[in-house]
file model-v9.pdb (PDB, C-alpha atoms and all ligand atoms)
ATOM      1  CA  MET A 493      16.118   8.701  15.351
ATOM      2  CA  ILE A 494      15.388   5.013  14.842
ATOM      3  CA  GLU A 495      17.339   2.387  16.712
ATOM      4  CA  ILE A 496      17.281  -1.367  16.413
ATOM      5  CA  ARG A 497      18.729  -3.465  19.203
ATOM      6  CA  GLY A 498      19.456  -7.179  19.040
ATOM      7  CA  LEU A 499      16.762  -7.984  16.500
ATOM      8  CA  HIS A 500      16.199 -11.701  15.904
ATOM      9  CA  LYS A 501      13.640 -13.264  13.609
ATOM     10  CA  SER A 502      13.491 -16.888  12.505
ATOM     11  CA  PHE A 503      11.075 -18.785  10.306
ATOM     12  CA  GLY A 504      11.224 -22.434  11.323
ATOM     13  CA  THR A 505      14.886 -23.282  11.662
ATOM     14  CA  ARG A 506      16.006 -20.409   9.422
ATOM     15  CA  ALA A 507      17.376 -17.415  11.325
ATOM     16  CA  VAL A 508      16.643 -14.608   8.880
ATOM     17  CA  LEU A 509      17.712 -11.863  11.304
ATOM     18  CA  ALA A 510      20.302 -13.094  13.793
ATOM     19  CA  GLY A 511      21.081 -10.085  15.945
ATOM     20  CA  ILE A 512      20.760  -6.774  14.103
ATOM     21  CA  ASP A 513      21.827  -3.534  15.764
ATOM     22  CA  LEU A 514      21.575  -0.261  13.961
ATOM     23  CA  ALA A 515      20.805   3.397  14.512
ATOM     24  CA  VAL A 516      19.618   5.941  11.966
ATOM     25  CA  GLY A 517      19.914   9.557  13.044
ATOM     26  CA  GLN A 518      17.377  12.297  12.372
ATOM     27  CA  GLY A 519      17.883  13.513   8.812
ATOM     28  CA  GLU A 520      20.182  10.645   7.919
ATOM     29  CA  SER A 521      19.671   8.575   4.784
ATOM     30  CA  LEU A 522      20.504   4.905   5.300
ATOM     31  CA  CYS A 523      20.488   2.321   2.536
ATOM     32  CA  VAL A 524      20.151  -1.368   3.386
ATOM     33  CA  ILE A 525      21.451  -3.710   0.716
ATOM     34  CA  GLY A 526      21.642  -7.487   0.493
ATOM     35  CA  GLN A 527      21.160 -10.361  -1.892
ATOM     36  CA  SER A 528      17.640 -11.554  -2.521
ATOM     37  CA  GLY A 529      16.225 -13.451   0.455
ATOM     38  CA  MET A 530      18.660 -11.956   2.992
ATOM     39  CA  GLY A 531      15.914 -10.461   5.114
ATOM     40  CA  LYS A 532      15.647  -6.836   3.986
ATOM     41  CA  SER A 533      11.858  -6.992   3.802
ATOM     42  CA  VAL A 534      11.628  -8.866   7.099
ATOM     43  CA  LEU A 535      13.732  -6.114   8.715
ATOM     44  CA  LEU A 536      11.387  -3.470   7.332
ATOM     45  CA  LYS A 537       8.327  -5.426   8.510
ATOM     46  CA  CYS A 538       9.789  -5.704  12.015
ATOM     47  CA  ILE A 539      10.322  -1.918  12.097
ATOM     48  CA  LEU A 540       6.742  -1.327  10.939
ATOM     49  CA  GLY A 541       5.304  -3.887  13.348
ATOM     50  CA  LEU A 542       4.023  -6.125  10.540
ATOM     51  CA  GLU A 543       6.195  -8.983  11.839
ATOM     52  CA  ALA A 544       6.832  -9.582  15.525
ATOM     53  CA  PRO A 545      10.534 -10.122  16.217
ATOM     54  CA  ASP A 546      11.543 -13.158  18.300
ATOM     55  CA  ALA A 547      13.857 -10.920  20.312
ATOM     56  CA  GLY A 548      15.117  -7.374  20.260
ATOM     57  CA  GLN A 549      13.585  -3.948  20.099
ATOM     58  CA  VAL A 550      12.891  -1.140  17.697
ATOM     59  CA  LEU A 551      13.076   2.327  19.270
ATOM     60  CA  TRP A 552      11.882   5.639  17.903
ATOM     61  CA  GLN A 553      13.100   8.807  19.568
ATOM     62  CA  GLY A 554      14.492   6.656  22.382
ATOM     63  CA  ARG A 555      11.232   4.839  23.175
ATOM     64  CA  PRO A 556      10.542   1.199  22.270
ATOM     65  CA  LEU A 557       7.845   0.838  19.653
ATOM     66  CA  ASP A 558       4.969  -1.053  21.200
ATOM     67  CA  GLN A 559       1.194  -0.914  21.166
ATOM     68  CA  ALA A 560       1.223   2.385  23.017
ATOM     69  CA  THR A 561       3.903   4.200  21.006
ATOM     70  CA  ARG A 562       3.446   2.705  17.531
ATOM     71  CA  PRO A 563       0.380   4.789  16.476
ATOM     72  CA  ALA A 564       2.340   8.041  16.918
ATOM     73  CA  PHE A 565       5.207   6.575  14.912
ATOM     74  CA  MET A 566       2.876   5.351  12.165
ATOM     75  CA  ALA A 567       1.403   8.838  11.908
ATOM     76  CA  ARG A 568       4.858  10.278  11.306
ATOM     77  CA  PHE A 569       6.148   7.886   8.694
ATOM     78  CA  GLY A 570       5.695   7.724   4.932
ATOM     79  CA  MET A 571       6.461   4.900   2.583
ATOM     80  CA  LEU A 572       7.157   4.433  -1.089
ATOM     81  CA  PHE A 573       6.175   0.851  -1.841
ATOM     82  CA  GLN A 574       7.906  -1.342  -4.359
ATOM     83  CA  GLY A 575       5.907  -0.959  -7.583
ATOM     84  CA  ALA A 576       4.253   2.199  -6.139
ATOM     85  CA  ALA A 577       1.192   0.157  -4.962
ATOM     86  CA  LEU A 578      -1.419   2.768  -5.821
ATOM     87  CA  PHE A 579      -5.074   2.045  -5.081
ATOM     88  CA  ASP A 580      -6.621   1.217  -8.471
ATOM     89  CA  SER A 581     -10.031   2.615  -7.662
ATOM     90  CA  LEU A 582      -8.795   6.011  -6.498
ATOM     91  CA  SER A 583      -7.625   8.846  -8.752
ATOM     92  CA  VAL A 584      -4.057  10.110  -8.555
ATOM     93  CA  TRP A 585      -4.831  12.987  -6.222
ATOM     94  CA  GLN A 586      -6.977  10.729  -4.022
ATOM     95  CA  ASN A 587      -4.081   8.283  -3.784
ATOM     96  CA  VAL A 588      -1.682  11.068  -2.875
ATOM     97  CA  ALA A 589      -4.131  12.450  -0.314
ATOM     98  CA  PHE A 590      -5.054   9.037   1.069
ATOM     99  CA  ARG A 591      -4.000   9.804   4.630
ATOM    100  CA  LEU A 592      -4.958  13.465   4.547
ATOM    101  CA  ARG A 593      -8.535  12.570   3.580
ATOM    102  CA  GLN A 594      -8.874  10.570   6.786
ATOM    103  CA  ARG A 595      -8.654  13.764   8.806
ATOM    104  CA  MET A 596      -9.689  16.653   6.523
ATOM    105  CA  PRO A 597     -12.315  17.384   3.874
ATOM    106  CA  ASP A 598     -11.469  16.996   0.175
ATOM    107  CA  HIS A 599     -11.401  20.734  -0.501
ATOM    108  CA  LYS A 600      -8.506  21.005   1.966
ATOM    109  CA  ALA A 601      -6.755  17.743   1.053
ATOM    110  CA  ARG A 602      -6.744  18.272  -2.710
ATOM    111  CA  PRO A 603      -4.575  21.451  -2.783
ATOM    112  CA  ILE A 604      -2.017  19.753  -0.520
ATOM    113  CA  ALA A 605      -2.005  16.720  -2.828
ATOM    114  CA  LEU A 606      -1.516  18.981  -5.870
ATOM    115  CA  GLU A 607       1.379  20.754  -4.155
ATOM    116  CA  LYS A 608       3.089  17.424  -3.361
ATOM    117  CA  MET A 609       2.416  16.214  -6.891
ATOM    118  CA  ALA A 610       4.053  19.350  -8.275
ATOM    119  CA  ARG A 611       7.056  18.653  -6.048
ATOM    120  CA  VAL A 612       7.553  15.283  -7.752
ATOM    121  CA  GLY A 613       6.924  16.611 -11.265
ATOM    122  CA  LEU A 614       3.260  15.659 -11.718
ATOM    123  CA  GLY A 615       1.152  18.521 -13.077
ATOM    124  CA  PRO A 616      -2.494  19.249 -12.192
ATOM    125  CA  GLU A 617      -3.615  17.573 -15.449
ATOM    126  CA  THR A 618      -2.695  14.229 -13.875
ATOM    127  CA  ALA A 619      -4.761  14.773 -10.699
ATOM    128  CA  ASP A 620      -7.934  13.104 -11.915
ATOM    129  CA  LEU A 621      -6.311  10.297 -13.901
ATOM    130  CA  MET A 622      -6.643   6.757 -12.624
ATOM    131  CA  PRO A 623      -3.489   4.737 -11.789
ATOM    132  CA  ALA A 624      -4.020   2.488 -14.845
ATOM    133  CA  GLN A 625      -3.526   5.556 -17.048
ATOM    134  CA  LEU A 626      -0.063   6.312 -15.670
ATOM    135  CA  SER A 627       3.322   5.195 -17.003
ATOM    136  CA  GLY A 628       5.625   3.334 -14.592
ATOM    137  CA  GLY A 629       7.635   6.478 -13.907
ATOM    138  CA  MET A 630       4.517   8.571 -13.256
ATOM    139  CA  ALA A 631       3.109   5.903 -10.943
ATOM    140  CA  LYS A 632       6.362   5.927  -8.994
ATOM    141  CA  ARG A 633       6.146   9.712  -8.719
ATOM    142  CA  ALA A 634       2.560   9.469  -7.499
ATOM    143  CA  GLY A 635       3.691   6.903  -4.910
ATOM    144  CA  LEU A 636       6.441   9.304  -3.864
ATOM    145  CA  ALA A 637       3.987  12.197  -3.560
ATOM    146  CA  ARG A 638       1.784   9.977  -1.367
ATOM    147  CA  ALA A 639       4.801   9.077   0.788
ATOM    148  CA  ILE A 640       5.527  12.745   1.493
ATOM    149  CA  ALA A 641       1.934  14.020   1.559
ATOM    150  CA  ASP A 642       1.731  14.179   5.338
ATOM    151  CA  ASP A 643       5.229  15.673   5.867
ATOM    152  CA  PRO A 644       6.670  12.522   7.460
ATOM    153  CA  GLU A 645       9.647  12.512   9.795
ATOM    154  CA  VAL A 646      10.691   9.049   8.640
ATOM    155  CA  ILE A 647      10.397   7.761   5.086
ATOM    156  CA  PHE A 648      10.924   4.180   3.872
ATOM    157  CA  PHE A 649      11.750   3.556   0.267
ATOM    158  CA  ASP A 650      11.311  -0.077  -0.726
ATOM    159  CA  GLU A 651      13.244  -0.828  -3.928
ATOM    160  CA  PRO A 652      12.459   2.643  -5.344
ATOM    161  CA  THR A 653      13.804   1.993  -8.846
ATOM    162  CA  THR A 654      12.304  -1.453  -9.488
ATOM    163  CA  GLY A 655      10.737  -1.637 -12.928
ATOM    164  CA  LEU A 656      12.207   1.646 -14.178
ATOM    165  CA  ASP A 657      14.665   2.068 -17.041
ATOM    166  CA  PRO A 658      18.057   3.593 -16.082
ATOM    167  CA  ILE A 659      17.129   7.148 -17.081
ATOM    168  CA  ARG A 660      13.866   7.144 -15.120
ATOM    169  CA  ALA A 661      15.577   5.370 -12.224
ATOM    170  CA  ALA A 662      18.239   8.096 -12.087
ATOM    171  CA  ARG A 663      15.525  10.777 -12.050
ATOM    172  CA  ILE A 664      13.663   9.082  -9.216
ATOM    173  CA  ASN A 665      16.891   8.659  -7.237
ATOM    174  CA  ALA A 666      17.733  12.350  -7.668
ATOM    175  CA  LEU A 667      14.204  13.348  -6.692
ATOM    176  CA  ILE A 668      14.310  11.187  -3.569
ATOM    177  CA  ARG A 669      17.666  12.658  -2.550
ATOM    178  CA  SER A 670      16.493  16.234  -3.000
ATOM    179  CA  ILE A 671      13.261  15.581  -1.079
ATOM    180  CA  VAL A 672      15.105  13.883   1.784
ATOM    181  CA  THR A 673      17.589  16.765   1.993
ATOM    182  CA  GLU A 674      14.900  19.425   1.737
ATOM    183  CA  THR A 675      12.531  17.913   4.315
ATOM    184  CA  GLY A 676      15.200  16.765   6.773
ATOM    185  CA  ALA A 677      13.381  13.438   7.064
ATOM    186  CA  THR A 678      15.121  10.293   8.206
ATOM    187  CA  ALA A 679      15.248   7.926   5.228
ATOM    188  CA  ILE A 680      15.656   4.171   5.089
ATOM    189  CA  THR A 681      15.978   2.708   1.620
ATOM    190  CA  ILE A 682      15.958  -0.981   0.839
ATOM    191  CA  THR A 683      17.525  -1.652  -2.510
ATOM    192  CA  HIS A 684      19.528  -3.887  -4.809
ATOM    193  CA  ASP A 685      20.450  -0.909  -6.928
ATOM    194  CA  MET A 686      23.895   0.491  -6.161
ATOM    195  CA  ASP A 687      23.136   3.577  -8.261
ATOM    196  CA  SER A 688      20.304   4.274  -5.799
ATOM    197  CA  VAL A 689      22.719   3.847  -2.902
ATOM    198  CA  ARG A 690      25.187   6.291  -4.454
ATOM    199  CA  ALA A 691      22.454   8.811  -5.219
ATOM    200  CA  ILE A 692      20.301   8.555  -2.087
ATOM    201  CA  GLY A 693      22.419   7.279   0.792
ATOM    202  CA  ASP A 694      24.631   8.846   3.420
ATOM    203  CA  ARG A 695      25.386   5.457   4.921
ATOM    204  CA  VAL A 696      25.025   1.905   3.695
ATOM    205  CA  MET A 697      24.592  -1.438   5.423
ATOM    206  CA  LEU A 698      25.036  -4.872   3.927
ATOM    207  CA  LEU A 699      22.714  -7.545   5.308
ATOM    208  CA  GLN A 700      24.132 -11.046   4.908
ATOM    209  CA  ASP A 701      23.333 -14.318   6.646
ATOM    210  CA  GLY A 702      21.166 -12.570   9.215
ATOM    211  CA  ARG A 703      23.808 -10.066  10.241
ATOM    212  CA  LEU A 704      25.186  -6.704   9.196
ATOM    213  CA  ALA A 705      28.243  -7.762   7.231
ATOM    214  CA  TRP A 706      29.431  -4.251   6.457
ATOM    215  CA  GLU A 707      28.450  -0.742   7.373
ATOM    216  CA  GLY A 708      29.967   2.589   6.410
ATOM    217  CA  PRO A 709      29.535   5.891   4.654
ATOM    218  CA  VAL A 710      28.528   5.676   1.013
ATOM    219  CA  ALA A 711      31.766   7.475   0.139
ATOM    220  CA  ALA A 712      33.759   4.544   1.602
ATOM    221  CA  MET A 713      31.958   1.700  -0.093
ATOM    222  CA  GLU A 714      33.917   1.580  -3.337
ATOM    223  CA  GLY A 715      36.930   0.039  -1.610
ATOM    224  CA  ALA A 716      35.061  -2.261   0.770
ATOM    225  CA  ALA A 717      35.754  -5.944   0.045
ATOM    226  CA  PRO A 718      32.390  -7.292   1.349
ATOM    227  CA  LEU A 719      30.594  -5.050  -1.167
ATOM    228  CA  ALA A 720      32.643  -6.197  -4.159
ATOM    229  CA  GLY A 721      29.827  -8.423  -5.407
ATOM    230  CA  PHE A 722      27.422  -5.486  -5.496
ATOM    231  CA  LEU A 723      29.509  -2.736  -7.005
ATOM    232  CA  GLY A 724      29.089  -2.481 -10.730
ATOM    233  CA  HIS A 725      26.508  -5.243 -10.568
ATOM    234  CA  ASP A 726      23.353  -4.968 -12.643
ATOM    235  CA  PRO A 727      20.517  -4.825 -10.095
ATOM    236  CA  ALA A 728      17.943  -5.834 -12.699
ATOM    237  CA  GLY A 729      19.428  -9.323 -12.681
ATOM    238  CA  GLN A 730      18.492  -9.944  -9.052
ATOM    239  CA  GLY A 731      15.514 -10.699  -6.925
TER     240      GLY A 731
HETATM  241  N1  LIG B 801       6.196 -15.063   6.670
HETATM  242  C1  LIG B 801       7.254 -15.819   6.334
HETATM  243  N2  LIG B 801       7.256 -17.166   6.562
HETATM  244  C2  LIG B 801       8.307 -17.916   6.252
HETATM  245  N3  LIG B 801       9.442 -17.459   5.711
HETATM  246  C3  LIG B 801       9.507 -16.139   5.450
HETATM  247  C4  LIG B 801       8.414 -15.258   5.748
HETATM  248  N4  LIG B 801       8.779 -13.988   5.388
HETATM  249  C5  LIG B 801      10.033 -14.102   4.894
HETATM  250  N5  LIG B 801      10.469 -15.378   4.933
HETATM  251  C6  LIG B 801      11.775 -15.840   4.491
HETATM  252  O1  LIG B 801      12.745 -14.989   5.023
HETATM  253  C7  LIG B 801      13.816 -14.804   4.100
HETATM  254  C8  LIG B 801      14.058 -13.340   3.892
HETATM  255  O2  LIG B 801      12.956 -12.792   3.168
HETATM  256  P1  LIG B 801      12.908 -11.264   2.730
HETATM  257  O3  LIG B 801      11.637 -11.107   1.969
HETATM  258  O4  LIG B 801      13.134 -10.380   3.884
HETATM  259  O5  LIG B 801      14.142 -11.151   1.740
HETATM  260  P2  LIG B 801      14.656  -9.875   0.960
HETATM  261  O6  LIG B 801      16.078  -9.654   1.367
HETATM  262  O7  LIG B 801      13.727  -8.749   1.159
HETATM  263  O8  LIG B 801      14.597 -10.410  -0.529
HETATM  264  P3  LIG B 801      14.243  -9.666  -1.900
HETATM  265  O9  LIG B 801      15.408  -8.780  -2.181
HETATM  266  O10 LIG B 801      14.134 -10.769  -2.869
HETATM  267  O11 LIG B 801      12.961  -8.919  -1.696
HETATM  268  C9  LIG B 801      13.424 -15.561   2.837
HETATM  269  O12 LIG B 801      14.086 -16.810   2.865
HETATM  270  C10 LIG B 801      11.949 -15.750   2.985
HETATM  271  O13 LIG B 801      11.524 -16.928   2.348
END
call {"tool": "encode", "arguments": {"input": "model-v9.pdb", "output": "structure tokens"}}
result
Amino acid sequence: MIEIRGLHKSFGTRAVLAGIDLAVGQGESLCVIGQSGMGKSVLLKCILGLEAPDAGQVLWQGRPLDQATRPAFMARFGMLFQGAALFDSLSVWQNVAFRLRQRMPDHKARPIALEKMARVGLGPETADLMPAQLSGGMAKRAGLARAIADDPEVIFFDEPTTGLDPIRAARINALIRSIVTETGATAITITHDMDSVRAIGDRVMLLQDGRLAWEGPVAAMEGAAPLAGFLGHDPAGQG
């Protein structure tokens, strides 16, 4: 369970986050949407401790995340970065096993990496390829395998379909949903893509002018007036 209480973050005179409260339950899949520049990335950075909020708290399992509690949280989270963000100098399996290799020898890490790769549709023939040899869809799958390699309790998906054509995007969305359901992980997805929201989310939040302008179950969003600008909108045209 992740909770955010009264989160404020300004840059100069601009209040990017002006009092955000939210809670994501264990096993829940939350999608955060918002126009470009509305603070989705800043929110994610505050949760991860990459930006220090001006006020407010982030709690994990009821405890505020601080210097003492953050390492345990960081060990239990996985992330799919926008654009996959693979390490160019590491092979696919080494990317997938990046965290595992910090605490186990390669002969133990590699089979786990191959198992996670299989889960996302990457066969063993891709294990020793370098990221530059992968298509966009394969790179995204490798990034997804890395995100789940250490069986995280919490997974962040940052714009998971960016750069993919609609067919590949739909496949990645379906894969993410099945993995989230199967693992019981808590998922937070930041996206412009309403097809991702429909496919991945249980609940959706609209971030606007530093506040949560709308929140509800994905099933209720089609009739929600504040979301009218997003529904049926082509996400490729934004941000
Ligand atoms: N380190 C920083 N210093 C100054 N301003 C910042 C900093 N980080 C973010 N901002 C500003 O905060 C606002 C929100 O940025 P953020 O990256 O969170 O938007 P976003 O909703 O993720 O946008 P996008 O969908 O385009 O990625 C922007 O106006 C941005 O310029």
call {"tool": "resolve_selection", "arguments": {"input": "model-v9.pdb", "expression": "the PyMOL selection byres (((chain A and resi 689-701) around 8) and not hetatm)", "output": "MDAnalysis selection string"}}
result
chainID A and resid 508:510 520:527 530:532 665:666 668:669 681 683 685:688 702:711 713 719
call {"tool": "closest_residue", "arguments": {"input": "model-v9.pdb", "among": "A:Thr673, A:Gln559, A:Thr678, A:Gln574", "to": "A:Leu656", "atoms": "all atoms listed in the file"}}
result
A:Gln574
call {"tool": "atom_distance", "arguments": {"input": "model-v9.pdb", "atom1": "atom CA of A:Leu536", "atom2": "atom CA of A:Ile680"}}
result
9.0 Å
call {"tool": "closest_residue", "arguments": {"input": "model-v9.pdb", "among": "A:Ile640, A:Pro563, A:Val550, A:Pro545", "to": "A:Ala515", "atoms": "only C-alpha atoms"}}
result
A:Val550
call {"tool": "atom_distance", "arguments": {"input": "model-v9.pdb", "atom1": "atom CA of A:Thr654", "atom2": "atom CA of A:Asp620"}}
result
25.0 Å
call {"tool": "atom_distance", "arguments": {"input": "model-v9.pdb", "atom1": "atom CA of A:Arg633", "atom2": "atom CA of A:Glu617"}}
result
14.2 Å
call {"tool": "residues_around", "arguments": {"input": "model-v9.pdb", "residues": "A:Phe590", "least_positions_apart": "2", "cutoff": "12 Å", "atoms": "only C-alpha atoms", "output": "PyMOL selection string"}}
result
chain A and resi 570+578-579+581-588+592-598+601-602+604-605+634-635+637-642
call {"tool": "closest_residue", "arguments": {"input": "model-v9.pdb", "among": "A:Phe573, A:Asp643, A:Glu674, A:Lys632", "to": "A:Arg660", "atoms": "only C-alpha atoms"}}
result
A:Lys632
call {"tool": "build_atoms", "arguments": {"input": "model-v9.pdb", "residues": "stretch 636-665 of chain A", "atoms": "N, CA and C atoms", "output": "PDB file, in the coordinates of the input"}}
result
ATOM      1  N   LEU A 636       5.525   8.448  -4.630  1.00  0.00           N
ATOM      2  CA  LEU A 636       6.441   9.304  -3.864  1.00  0.00           C
ATOM      3  C   LEU A 636       5.682  10.500  -3.277  1.00  0.00           C
ATOM      4  N   ALA A 637       4.791  11.076  -4.069  1.00  0.00           N
ATOM      5  CA  ALA A 637       3.987  12.197  -3.560  1.00  0.00           C
ATOM      6  C   ALA A 637       3.131  11.729  -2.382  1.00  0.00           C
ATOM      7  N   ARG A 638       2.577  10.512  -2.484  1.00  0.00           N
ATOM      8  CA  ARG A 638       1.784   9.977  -1.367  1.00  0.00           C
ATOM      9  C   ARG A 638       2.665   9.793  -0.129  1.00  0.00           C
ATOM     10  N   ALA A 639       3.896   9.313  -0.346  1.00  0.00           N
ATOM     11  CA  ALA A 639       4.801   9.077   0.788  1.00  0.00           C
ATOM     12  C   ALA A 639       5.105  10.361   1.554  1.00  0.00           C
ATOM     13  N   ILE A 640       5.142  11.493   0.826  1.00  0.00           N
ATOM     14  CA  ILE A 640       5.527  12.745   1.493  1.00  0.00           C
ATOM     15  C   ILE A 640       4.325  13.638   1.804  1.00  0.00           C
ATOM     16  N   ALA A 641       3.118  13.161   1.474  1.00  0.00           N
ATOM     17  CA  ALA A 641       1.934  14.020   1.559  1.00  0.00           C
ATOM     18  C   ALA A 641       1.710  14.577   2.960  1.00  0.00           C
ATOM     19  N   ASP A 642       2.028  13.775   3.958  1.00  0.00           N
ATOM     20  CA  ASP A 642       1.731  14.179   5.338  1.00  0.00           C
ATOM     21  C   ASP A 642       2.988  14.658   6.065  1.00  0.00           C
ATOM     22  N   ASP A 643       3.975  15.143   5.299  1.00  0.00           N
ATOM     23  CA  ASP A 643       5.229  15.673   5.867  1.00  0.00           C
ATOM     24  C   ASP A 643       5.842  14.721   6.898  1.00  0.00           C
ATOM     25  N   PRO A 644       6.179  13.510   6.487  1.00  0.00           N
ATOM     26  CA  PRO A 644       6.670  12.522   7.460  1.00  0.00           C
ATOM     27  C   PRO A 644       8.060  12.869   8.005  1.00  0.00           C
ATOM     28  N   GLU A 645       8.305  12.373   9.202  1.00  0.00           N
ATOM     29  CA  GLU A 645       9.647  12.512   9.795  1.00  0.00           C
ATOM     30  C   GLU A 645      10.550  11.370   9.356  1.00  0.00           C
ATOM     31  N   VAL A 646       9.942  10.240   9.042  1.00  0.00           N
ATOM     32  CA  VAL A 646      10.691   9.049   8.640  1.00  0.00           C
ATOM     33  C   VAL A 646      10.079   8.540   7.343  1.00  0.00           C
ATOM     34  N   ILE A 647      10.922   8.282   6.352  1.00  0.00           N
ATOM     35  CA  ILE A 647      10.397   7.761   5.086  1.00  0.00           C
ATOM     36  C   ILE A 647      11.127   6.470   4.728  1.00  0.00           C
ATOM     37  N   PHE A 648      10.353   5.433   4.365  1.00  0.00           N
ATOM     38  CA  PHE A 648      10.924   4.180   3.872  1.00  0.00           C
ATOM     39  C   PHE A 648      10.742   4.122   2.363  1.00  0.00           C
ATOM     40  N   PHE A 649      11.811   3.746   1.710  1.00  0.00           N
ATOM     41  CA  PHE A 649      11.750   3.556   0.267  1.00  0.00           C
ATOM     42  C   PHE A 649      12.083   2.094  -0.005  1.00  0.00           C
ATOM     43  N   ASP A 650      11.095   1.349  -0.490  1.00  0.00           N
ATOM     44  CA  ASP A 650      11.311  -0.077  -0.726  1.00  0.00           C
ATOM     45  C   ASP A 650      11.584  -0.285  -2.210  1.00  0.00           C
ATOM     46  N   GLU A 651      12.833  -0.590  -2.534  1.00  0.00           N
ATOM     47  CA  GLU A 651      13.244  -0.828  -3.928  1.00  0.00           C
ATOM     48  C   GLU A 651      12.688   0.274  -4.842  1.00  0.00           C
ATOM     49  N   PRO A 652      13.120   1.532  -4.639  1.00  0.00           N
ATOM     50  CA  PRO A 652      12.459   2.643  -5.344  1.00  0.00           C
ATOM     51  C   PRO A 652      12.618   2.631  -6.859  1.00  0.00           C
ATOM     52  N   THR A 653      13.606   1.925  -7.388  1.00  0.00           N
ATOM     53  CA  THR A 653      13.804   1.993  -8.846  1.00  0.00           C
ATOM     54  C   THR A 653      13.350   0.728  -9.575  1.00  0.00           C
ATOM     55  N   THR A 654      12.768  -0.220  -8.836  1.00  0.00           N
ATOM     56  CA  THR A 654      12.304  -1.453  -9.488  1.00  0.00           C
ATOM     57  C   THR A 654      11.363  -1.146 -10.639  1.00  0.00           C
ATOM     58  N   GLY A 655      11.632  -1.767 -11.779  1.00  0.00           N
ATOM     59  CA  GLY A 655      10.737  -1.637 -12.928  1.00  0.00           C
ATOM     60  C   GLY A 655      10.965  -0.394 -13.766  1.00  0.00           C
ATOM     61  N   LEU A 656      11.950   0.432 -13.402  1.00  0.00           N
ATOM     62  CA  LEU A 656      12.207   1.646 -14.178  1.00  0.00           C
ATOM     63  C   LEU A 656      13.450   1.472 -15.038  1.00  0.00           C
ATOM     64  N   ASP A 657      13.452   2.109 -16.218  1.00  0.00           N
ATOM     65  CA  ASP A 657      14.665   2.068 -17.041  1.00  0.00           C
ATOM     66  C   ASP A 657      15.715   2.978 -16.385  1.00  0.00           C
ATOM     67  N   PRO A 658      16.994   2.865 -16.790  1.00  0.00           N
ATOM     68  CA  PRO A 658      18.057   3.593 -16.082  1.00  0.00           C
ATOM     69  C   PRO A 658      17.866   5.107 -16.029  1.00  0.00           C
ATOM     70  N   ILE A 659      17.298   5.684 -17.080  1.00  0.00           N
ATOM     71  CA  ILE A 659      17.129   7.148 -17.081  1.00  0.00           C
ATOM     72  C   ILE A 659      16.059   7.544 -16.065  1.00  0.00           C
ATOM     73  N   ARG A 660      14.934   6.832 -16.085  1.00  0.00           N
ATOM     74  CA  ARG A 660      13.866   7.144 -15.120  1.00  0.00           C
ATOM     75  C   ARG A 660      14.321   6.822 -13.692  1.00  0.00           C
ATOM     76  N   ALA A 661      15.071   5.736 -13.557  1.00  0.00           N
ATOM     77  CA  ALA A 661      15.577   5.370 -12.224  1.00  0.00           C
ATOM     78  C   ALA A 661      16.468   6.488 -11.680  1.00  0.00           C
ATOM     79  N   ALA A 662      17.332   7.025 -12.534  1.00  0.00           N
ATOM     80  CA  ALA A 662      18.239   8.096 -12.087  1.00  0.00           C
ATOM     81  C   ALA A 662      17.442   9.328 -11.668  1.00  0.00           C
ATOM     82  N   ARG A 663      16.358   9.609 -12.406  1.00  0.00           N
ATOM     83  CA  ARG A 663      15.525  10.777 -12.050  1.00  0.00           C
ATOM     84  C   ARG A 663      14.833  10.572 -10.709  1.00  0.00           C
ATOM     85  N   ILE A 664      14.340   9.354 -10.493  1.00  0.00           N
ATOM     86  CA  ILE A 664      13.663   9.082  -9.216  1.00  0.00           C
ATOM     87  C   ILE A 664      14.675   9.148  -8.070  1.00  0.00           C
ATOM     88  N   ASN A 665      15.863   8.591  -8.281  1.00  0.00           N
ATOM     89  CA  ASN A 665      16.891   8.659  -7.237  1.00  0.00           C
ATOM     90  C   ASN A 665      17.217  10.107  -6.881  1.00  0.00           C
TER      91      ASN A 665
END
